[in-house]
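Only one structure is covered here, and it is reproduced in the block below.
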Amino acid sequence: MAARAWSAKAVLAGVVTAAALLAGCAQDPAPQSTFVLLDGSKKSTSDLKGKVTLVNFWATSCTTCVAEMPKMVSTFDKYHAKGYEHMAVAMSYDPPSYVVNYAQTRKLPFSVAIDNTGAVAQAWGDVKLTPTSYVVNKKGEIVKRYVGEPNFAELHALIEKLLAES
């Protein structure tokens, strides 16, 4: 019996190790989405190719989202000239007037979209928790997902690595 328990543990450990090794091998393409910006213009996922992009799902009612926003602005300011983009996607339950007011009063320098129907959040893995952010490489592949506020030192290191890739 003890031998069986041990071998099951060994097999499980091997499976977990293999899964961990394979986790970094394949990257999912960012879902095809159309982002409706505050000015009424539209951007699609394909418009982001060739740039490193953070797609950040947030809400004006989310205290963590509001707290992280100045760091999101600093990150954008630091890397934008090098090919970094930021797409802030307001959740469908966020009143558009609140989003517009927040973006204008905080002078958000990056693209802000309103996901009125929830279709964008649905396409990106049925996002329900805010903030949820996805780092997308120049090829349009998701390389990292953060639920909650990112570790900004780690995020900056990842952005720098991705910007350096050709």
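Ligands are numbered from 1 in the order shown, residues from 1 within each chain, and chains are lettered A, B, ... in the order they appear in the structure tokens.
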Show which residues sit within 9 Å of range 37-40 of chain A, as a VMD selection string. Count only C-alpha atoms, and ignore same-chain residues fewer than 5 positions away.
chain A and resid 89 96 99 to 100 103 111 to 114
Among chain A, which ones does DSSP assign to helix (DSSP H, G or I) (computed from the backbone)? Answer as a compact mmCIF listing (two decimals) with C-alpha atoms, in the first residue's frame.
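Printed below is result01.txt as written:
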```txt
# COMPACT_ATOMS: atom_id res chain seq x y z
CA ALA A 2 2.78 2.43 0.92
CA ALA A 3 4.57 1.64 -2.34
CA ARG A 4 1.41 2.42 -4.31
CA ALA A 5 0.92 5.72 -2.49
CA TRP A 6 4.51 6.66 -3.16
CA SER A 7 4.32 5.79 -6.84
CA ALA A 8 1.11 7.78 -7.24
CA LYS A 9 2.85 10.76 -5.63
CA ALA A 10 5.84 10.28 -7.93
CA VAL A 11 3.60 10.16 -10.99
CA LEU A 12 1.72 13.26 -9.84
CA ALA A 13 4.99 15.10 -9.19
CA GLY A 14 6.17 14.14 -12.69
CA VAL A 15 2.94 15.39 -14.26
CA VAL A 16 3.13 18.67 -12.32
CA THR A 17 6.79 19.13 -13.33
CA ALA A 18 6.01 18.42 -16.99
CA ALA A 19 3.09 20.84 -16.92
CA ALA A 20 5.30 23.53 -15.38
CA LEU A 21 7.95 23.01 -18.06
CA LEU A 22 5.40 23.15 -20.87
CA THR A 45 -6.76 43.58 -31.49
CA SER A 46 -4.99 43.44 -34.86
CA ASP A 47 -4.22 47.19 -34.57
CA LEU A 48 -2.06 46.36 -31.55
CA THR A 63 -10.69 50.69 -5.39
CA THR A 64 -7.69 48.61 -6.50
CA CYS A 65 -8.17 49.81 -10.09
CA VAL A 66 -8.25 53.44 -9.00
CA ALA A 67 -5.23 52.92 -6.72
CA GLU A 68 -3.13 51.32 -9.48
CA MET A 69 -4.06 53.84 -12.19
CA PRO A 70 -1.28 56.38 -11.41
CA LYS A 71 1.25 53.51 -11.74
CA MET A 72 -0.38 52.51 -15.03
CA VAL A 73 0.06 56.10 -16.25
CA SER A 74 3.73 56.11 -15.14
CA THR A 75 4.33 52.81 -16.93
CA PHE A 76 2.75 54.17 -20.11
CA ASP A 77 4.79 57.38 -19.88
CA LYS A 78 8.01 55.39 -19.35
CA TYR A 79 7.61 52.98 -22.28
CA HIS A 80 5.22 54.53 -24.82
CA ALA A 81 7.95 56.08 -26.97
CA LYS A 82 9.58 52.64 -27.23
CA PRO A 96 -20.00 55.65 -19.31
CA SER A 97 -20.30 59.14 -17.79
CA TYR A 98 -18.18 58.00 -14.81
CA VAL A 99 -15.54 56.56 -17.14
CA VAL A 100 -15.39 59.72 -19.25
CA ASN A 101 -15.18 61.90 -16.13
CA TYR A 102 -12.43 59.74 -14.62
CA ALA A 103 -10.38 59.66 -17.83
CA GLN A 104 -10.70 63.44 -18.34
CA THR A 105 -10.05 64.54 -14.75
CA ALA A 119 -18.39 41.27 -25.32
CA VAL A 120 -14.75 42.31 -24.91
CA ALA A 121 -14.53 40.97 -21.34
CA GLN A 122 -16.22 37.77 -22.54
CA ALA A 123 -13.73 37.35 -25.41
CA PHE A 152 5.10 46.80 -11.21
CA ALA A 153 8.82 45.96 -10.98
CA GLU A 154 8.04 42.55 -12.52
CA LEU A 155 5.74 44.15 -15.11
CA HIS A 156 8.40 46.68 -16.12
CA ALA A 157 11.01 43.92 -16.49
CA LEU A 158 8.62 41.95 -18.69
CA ILE A 159 7.79 45.01 -20.82
CA GLU A 160 11.49 45.74 -21.30
CA LYS A 161 12.16 42.12 -22.31
CA LEU A 162 9.26 42.13 -24.79
CA LEU A 163 10.19 45.53 -26.26
CA ALA A 164 13.72 44.22 -26.89
```
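Across the structure, CA of Asn137 in chain A and CA of Phe110 in chain A are spaced 17.4 Å apart.
Picture a line from CA of Leu54 in chain A to CA of Pro109 in chain A; it runs 13.6 Å.
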Any chance you could list, as a VMD selection string, the residues in range 22-144 of chain A that come up strand (DSSP E or B) when DSSP is run on the backbone?
chain A and resid 29 34 to 37 42 to 44 52 to 58 84 to 90 111 to 114 132 to 136 141 to 144
Take the residues that were just selected and, keeping C-alpha atoms, output them as a PDB file, in the first residue's frame.
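Saved result, again_39.pdb, follows:
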```pdb
ATOM      1  CA  PRO A  29      -3.147  34.608 -29.371  1.00  0.00           C
ATOM      2  CA  THR A  34     -13.080  45.637 -31.173  1.00  0.00           C
ATOM      3  CA  PHE A  35     -12.454  48.313 -28.566  1.00  0.00           C
ATOM      4  CA  VAL A  36     -14.812  51.326 -28.704  1.00  0.00           C
ATOM      5  CA  LEU A  37     -12.833  54.316 -27.424  1.00  0.00           C
ATOM      6  CA  LYS A  42     -12.522  51.920 -32.720  1.00  0.00           C
ATOM      7  CA  LYS A  43      -9.367  49.853 -32.395  1.00  0.00           C
ATOM      8  CA  SER A  44      -9.121  46.140 -32.913  1.00  0.00           C
ATOM      9  CA  VAL A  52       3.746  45.489 -26.578  1.00  0.00           C
ATOM     10  CA  THR A  53       0.325  46.171 -25.072  1.00  0.00           C
ATOM     11  CA  LEU A  54      -1.261  45.961 -21.655  1.00  0.00           C
ATOM     12  CA  VAL A  55      -5.006  45.325 -21.912  1.00  0.00           C
ATOM     13  CA  ASN A  56      -6.357  46.383 -18.516  1.00  0.00           C
ATOM     14  CA  PHE A  57      -9.945  45.602 -17.473  1.00  0.00           C
ATOM     15  CA  TRP A  58     -11.004  48.045 -14.754  1.00  0.00           C
ATOM     16  CA  TYR A  84       4.321  50.222 -25.612  1.00  0.00           C
ATOM     17  CA  GLU A  85       0.543  50.678 -25.654  1.00  0.00           C
ATOM     18  CA  HIS A  86      -2.087  50.528 -22.932  1.00  0.00           C
ATOM     19  CA  MET A  87      -5.749  49.748 -23.528  1.00  0.00           C
ATOM     20  CA  ALA A  88      -7.894  50.468 -20.468  1.00  0.00           C
ATOM     21  CA  VAL A  89     -11.211  48.639 -20.880  1.00  0.00           C
ATOM     22  CA  ALA A  90     -13.982  49.840 -18.581  1.00  0.00           C
ATOM     23  CA  SER A 111      -6.628  54.577 -24.932  1.00  0.00           C
ATOM     24  CA  VAL A 112      -9.750  54.083 -22.821  1.00  0.00           C
ATOM     25  CA  ALA A 113     -12.534  51.851 -24.117  1.00  0.00           C
ATOM     26  CA  ILE A 114     -16.007  51.198 -22.774  1.00  0.00           C
ATOM     27  CA  THR A 132      -7.444  42.011 -14.662  1.00  0.00           C
ATOM     28  CA  SER A 133      -4.637  42.823 -17.076  1.00  0.00           C
ATOM     29  CA  TYR A 134      -3.085  40.986 -19.996  1.00  0.00           C
ATOM     30  CA  VAL A 135       0.382  41.621 -21.406  1.00  0.00           C
ATOM     31  CA  VAL A 136       0.390  41.067 -25.174  1.00  0.00           C
ATOM     32  CA  GLU A 141       0.177  36.718 -28.113  1.00  0.00           C
ATOM     33  CA  ILE A 142      -0.823  36.875 -24.450  1.00  0.00           C
ATOM     34  CA  VAL A 143       2.321  36.325 -22.388  1.00  0.00           C
ATOM     35  CA  LYS A 144       1.057  37.175 -18.897  1.00  0.00           C
TER      36      LYS A 144
END
```
